[in-house]
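*Asks:* Pasting in a structure now, in structure tokens, and then I'll have a few things to ask.
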Amino acid sequence: MMTLDKIDLDKEVMIKQVKKECLLKRRLLDLGFVPGEIIKCVLVSPFKDPKAYKIRGNVIALRNLDAKKIEVEYERN
Amino acid sequence: MKEIKVALIGTPNVGKSTIYNTLTKSHEHTGNWPGKTVGVSRGECVFEGIKYVFYDLPGTYSLISKSKEEVVATDFILFANFDVAVVVCDATSLEKGIYLALQTKEICKRVIVCINLIDEAKKKGIQVDYELLDEKIKSSVVLVSARENVGLRDLLLQIRESKESDYLDIDYGILNPYIHEVASKIKTNKYNPKWIALKILEGNQYYVDKFKKLGIEAKKQEDFNIDVNLEVAMKMLKRGKEILKDVVSYHNNDYEKKERKIDKILTSKIWGIPIMLLILFVTFYITIVGANYPSSFLFSFFASLEEVITSFLEVLKFPDFLVSLLVDGAYKTLFWVVSVMLPPMLIFFPMFTFLENLGVLPRIAFNMDRAFSKCQACGKQALTMCMGIGCNAVGVTGARIIDSKRERLIAILTNVFMPCNGKFPSLIAIITIFFVGLNKEYGSLVCAGILTGFLFLGIFLTFFISFLLSKTILKGEASHFTLELPPYRMPKVVDTIIYSIKDRALFVLGRAISVALPAGILLWFIANGHIKGTSILTYLVQFLNPLGVVLGLDGVILLALLLGFPANEIVMPIMLMGYLSTNTLVEMDNLNVLRDILVNNGWTVKTALCFITLFLYRFPCSTTLLTIYKETKSKFYTFLSVVIPLGVGIILCLIINFIFS
């Protein structure tokens, strides 16, 4: 299963689900991290963690530990 | 006069505070980072015979979550007594604004959607069909550009004209029967029963308890296997998407590409950290170079006034001791503080505010987060550290942006390791004299470098102490957080300068003066009061001397560091006064004089190093300490905030002594 922390830079993916054990789930829902939403990684910090993602027009930084809890898949055209 | 109470609601960083400030003419600090407003501020204005009272709520992504600012906002909207809710949205990213607007419409009956930053959206090629939006969202939509003061009149008119409408009714699909069942048993005409029912289904204990206290109670009948939070968010997002369909269209994306390019440089593996350091260095360098001349000008100006004031007081037949008290005690302390502090602040604060408004600080937090997570702390601590460079008290208050209590305490307890602006002038003077040498070529450059170095030490100590705290008193794992990287916004230069001078520089100066005046008078008494022919000052210095020597200092320096508790700015003046044992503060129109005084009193490079160390790391100033107590509401943590830096300072001094011996 591919997770958000592993995706390539600047490639759009679709969120499949935010795992239940993710402690940020509630906050992430508000930011639009819901199944079906398109997201892409736009920035990687100097130490590779955190990374920043563009979703619903905002750029949001997440630690890899949290991004791991978000399952994604490459969009089929 | 008729009065309308208005609540300003919005996601973080949409310019809510700018609207509030412009309307109420107040000066809530705005900055380009999320979470700048942490409490509810109240301000008012009068327009066409009606008094508008505004409440500026903290920025929040939703009215459901559990973070501090979100609870403050939601509680206010639910339980405070106001007439109209204005939801401020960002025209460049309408989705999140509309999401919040829809949630607000579930709780409030009079809602206005205020779309800010329309100029920015135009620049970015984002086109919004506002008439269609108005029609689809069924609330009045007002367009403003608060920075340019466009549309605010219209906003006031719309607030006046707004009418009550029904609560927003969202189709929650499979949740509907459950909601209906719970809601049907709730009798209230003040709140939306459906919303309360949702809270109960979500199992949001905080609101279940709150409503219970109001006599509104209901239970869900059965447990069901549905992720209520997800369902609610999905349905709300879906409704938002439907509303925005055909409303928003994008024309070119070049603007965003440019932004990402800048971001990639600022956060790049190789350049990210060096660029941040360079920014700090350049800021210091400009401050040091720029402050030189105005400082000496102010000195000679105030010094020349001294005789005039003295003779004036003598003409008025003031007794000698009173003239001495007023001129040597009060006036000299005052002009010392003003001449030393004002010029660097007038240069430093505008530059800092500029960086802040530009949106650079969240990028710094982004770059540094890995180091914080290694210390089990929060990356947002980088933001509070930046604020601490301006003023530690502000940094401590700013720690509210950190959600986890443990990480917030770490940020508060370590904030004092960032040297505040009040320490810079004295640091610059000592560094120039002992480490750079006077009148050297490139002297300012070297000085700025050394100052950056000390700051670096502060950053290192912050990490180290954060790490120790996480392993001992404040044990715990790094928590989870999201950090928004807002779009860059070119600050308006003139506004930035006016704001930072009026609200920051003069504010800090005012505080310093109000502390320096009584301190000056107290010092005069200490220096002039005699017991058995010896001044009180001498007694104190002799008493402190042994301890001072152990730390590589002397009694005078130690006394100055102690008496400087109310404000870091007055440490140097007190010290010089002690050395000269004249009854007054010293006139110091150039660094040569200062060097001679210090060297004649036995200062060496070691003394300078020890002084800087203990000056940087001793205890927070009185204002900061009071703020720490207010924020933590704990004597223990306030005590810790004194002991930790003091301990570090003393240990470092002992190490320096050991190395030099």
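Every chain in the structure tokens has a letter given in the order shown (A, B, ...), and although residue numbers restart at 1 in each chain, ligands are simply numbered from 1 in the order shown.
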Would you list which chain A residues are within 9 Å of chain B using only C-alpha atoms, as a compact mmCIF listing (two decimals) with C-alpha atoms, in the first residue's frame?
*Replies:*
# COMPACT_ATOMS: atom_id res chain seq x y z
CA LEU A 23 -3.96 11.18 15.72
CA LEU A 24 -4.30 14.12 13.40
CA LYS A 25 -7.32 12.67 11.67
CA ARG A 26 -9.77 15.27 12.86
CA ARG A 27 -7.52 18.18 11.86
CA LEU A 28 -6.68 16.55 8.55
CA LEU A 29 -10.35 16.15 7.73
CA ASP A 30 -10.82 19.89 8.16
CA LEU A 31 -7.93 20.54 5.82
CA GLY A 32 -9.57 18.35 3.20
CA VAL A 34 -10.64 12.90 2.71
CA PRO A 35 -10.91 9.96 0.33
CA VAL A 42 5.47 20.19 -3.34
CA LEU A 43 8.35 20.68 -0.91
CA VAL A 44 10.85 18.61 1.00
CA SER A 45 12.65 20.20 3.93
CA PRO A 46 16.46 20.09 4.14
CA PHE A 47 16.39 17.02 6.38
CA LYS A 48 13.76 15.21 4.27
CA ASP A 49 11.23 15.46 7.08
CA PRO A 50 8.74 17.18 7.18
CA LYS A 51 7.41 17.49 3.65
CA ALA A 52 4.83 19.94 2.41
CA ARG A 56 -7.30 22.23 -1.80
CA GLY A 57 -5.13 25.23 -2.68
CA ASN A 58 -3.19 25.21 0.60
CA VAL A 59 0.32 24.12 1.31
CA ILE A 60 0.44 22.03 4.46
CA ALA A 61 3.54 20.56 6.07
CA LEU A 62 3.32 17.13 7.70
CA ARG A 63 5.89 15.01 9.46
CA LEU A 65 5.38 9.88 10.72
CA ASP A 66 1.93 11.37 10.14
*Asks:* Could you give me, as an MDAnalysis selection string, each residue of segment 45-116 of chain B that DSSP assigns to alpha helix (DSSP H) when run on this structure's backbone?
*Replies:* chainID B and resid 68:79 94:107
*Asks:* Hey, what's within 8 Å of segment 591-605 of chain B if we count only C-alpha atoms and toss same-chain stuff fewer than 3 positions away? As a PyMOL selection string, please?
*Replies:* chain B and resi 429+433-435+438+576+579-580+588+608-609
*Asks:* Go ahead and save the picked residues with C-alpha atoms, as a PDB file, in the first residue's frame.
*Replies:*
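This is the output file out11.pdb:
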ATOM      1  CA  ALA B 429      29.153  47.471  22.426  1.00  0.00           C
ATOM      2  CA  ILE B 433      35.365  46.613  22.217  1.00  0.00           C
ATOM      3  CA  PHE B 434      36.756  43.233  23.193  1.00  0.00           C
ATOM      4  CA  PHE B 435      36.461  40.951  20.199  1.00  0.00           C
ATOM      5  CA  LEU B 438      37.549  49.815  17.662  1.00  0.00           C
ATOM      6  CA  LEU B 576      29.246  51.930  34.577  1.00  0.00           C
ATOM      7  CA  TYR B 579      32.600  51.567  38.396  1.00  0.00           C
ATOM      8  CA  LEU B 580      32.853  55.284  38.446  1.00  0.00           C
ATOM      9  CA  MET B 588      29.222  57.721  27.137  1.00  0.00           C
ATOM     10  CA  ALA B 608      33.785  40.136  28.536  1.00  0.00           C
ATOM     11  CA  LEU B 609      32.960  36.524  27.665  1.00  0.00           C
TER      12      LEU B 609
END
*Asks:* One decimal, in Å: what's the spacing between atom CA of Val436 of chain B and atom CA of Ile450 of chain B?
*Replies:*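 Pair atom CA of Val436 of chain B / atom CA of Ile450 of chain B returns 9.0 Å.
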*Asks:* Mind checking which residues fall within 7 Å of Lys16 of chain A, counting only C-alpha atoms, ignoring those fewer than 5 positions away in the same chain, and posting them as a list of chain:residue names?
*Replies:*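 Neighbouring residues, sequence-local ones excluded: A:Pro35, A:Gly36, A:Glu71, A:Val72, A:Glu73.
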*Asks:* Extract, using only C-alpha atoms, all DNA, RNA and protein residues at most 6 Å from segment 4-10 of chain B, discarding same-chain residues fewer than 5 positions from it, and format them as a list in words.
*Replies:*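 Counting only the stated atoms, we get Tyr52, Val53, Phe54, Tyr55, Asp56, Leu57, Gly59, Phe82, Asp83, Val84, Ala85, Val86, Val87 and Val88 of chain B.
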*Asks:* Nearest to Ile570 of chain B among B:Asn192, B:Ser339, B:Thr333, B:Asn439, with distances taken over only C-alpha atoms: which residue is it?
*Replies:*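 Closest residue, counting only C-alpha atoms: B:Thr333.
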*Asks:* Would you mind writing down, as a PyMOL selection string, each residue of chain A that DSSP on the backbone assigns to strand (DSSP E)?
*Replies:* chain A and resi 12-18+38-44+51-55+58-62+70-74
*Asks:* Quick one: residues within 8 Å of segment 656-659 of chain B, only C-alpha atoms counted, chain neighbours fewer than 6 positions away excluded, as a ChimeraX atom specification?
*Replies:* /B:551-552,606,609-610
*Asks:* In Å, rounded to a single decimal, give me how far atom CA of Pro58 of chain B is from atom CA of Cys41 of chain A.
*Replies:* 28.4 Å
*Asks:* So how many Å separate atom CA of Phe211 of chain B and atom CA of Cys89 of chain B, to one decimal?
*Replies:*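 Interatomic distance, atom CA of Phe211 of chain B to atom CA of Cys89 of chain B: 29.3 Å.
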